[in-house]
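*Asks:* The structure under discussion is supplied below as structure tokens; questions concerning it will follow.
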Amino acid sequence: MIDYIKGQIGELTPTSCTLETCGVGYELLISLNTYTAIQDRKEAKLYVYEVIREDAYLLYGFSTKQERQLFTLLISVSGVGGQTAKVILSSFSPGELANIIQMENVKLLRGVKGIGPKAAQRIVLDLKDKVVGIEGGTTVQQGAANAVNANAVAEAVSALTTLGFPPAASQKCVAALLQENPNLPIEQIIKQALKLL
């Protein structure tokens with residue numbers, strides 16, 4: 001099994017990267033998060049997940065082990081394939097996705113192209129306990145302390161989404177505001193987010 005590939009970036013698009021090492025070019029399918037992480041580099045080290053089927057041999061590449069871990073968890077959910085998992089990971093950072101799943105924010109997951117209500121619910125049910133400890137995800141000890149914060153994030157994002165803002169952008173904005181001021185009331189979160197979005 002290939003753990004990672006390190007080499008020169010031959011070709012790079014928002015969905016794929018060709019890494020050349022020892023005279024061989026490996027095409028890896030990547031998320032937007034990975035693309036952003038490596039777009040200004042000449043060399044990269046990508047962690048690999050292999051998919052071997054009768055009709056295809058695919059390599060998925062990730063800039064961090066956490067992203068690969070989340071990809072592996074996502075494709076373990078019934079009805080979620082590699083392409084769908086890649087789209088989800090392009091919509092949220094690993095930390096954001098771990099928090100969304102732990103907060104059971106089905107509405108945000110449904111905002112991702114190709115994810116319906118049933119799939120979003122399955123992802124939350126299947127992975128809620130498995131994402132604990134992933135970078136950015138709350139741990140068991142932090143869970144109680146962050147419960148109020150999680151509710152504030154969920155409510156604010158829900159309000160912003162209702163107002164027509166994209167779920168992913170709303171989530172990032174609200175999380176950033178709460179990081180600066182954790183005690184910010186929900187009304188203030190929404191008002192400040194509206195100025196930023």
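Going through the structure tokens in order, the chains are called A, B, and so on, while each chain numbers its residues from 1 and the ligands are numbered from 1 in the order shown.
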Compile the contact shell of Lys42 in chain A as a list in words: residues with an atom at most 10 Å away, counting only C-alpha atoms, same-chain residues fewer than 5 positions apart removed.
*Replies:*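 Listed by chain and then number, they are Gly7, Gln8, Ile9, Gly10 and Leu19 of chain A.
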*Asks:* Which residue, A:Val124, A:Val131, A:Leu178, A:Lys107, has the smallest gap to Pro166 in chain A when you use only C-alpha atoms?
*Replies:*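 Smallest separation from Pro166 in chain A among the options: A:Lys107.
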*Asks:* Find the residues near range 192-197 of chain A: any atom within 12 Å, counting only C-alpha atoms, skip ones fewer than 2 places away on the same chain, and give them as a ChimeraX atom specification.
*Replies:* /A:153,156-157,159-161,163-178,180-181,184-190
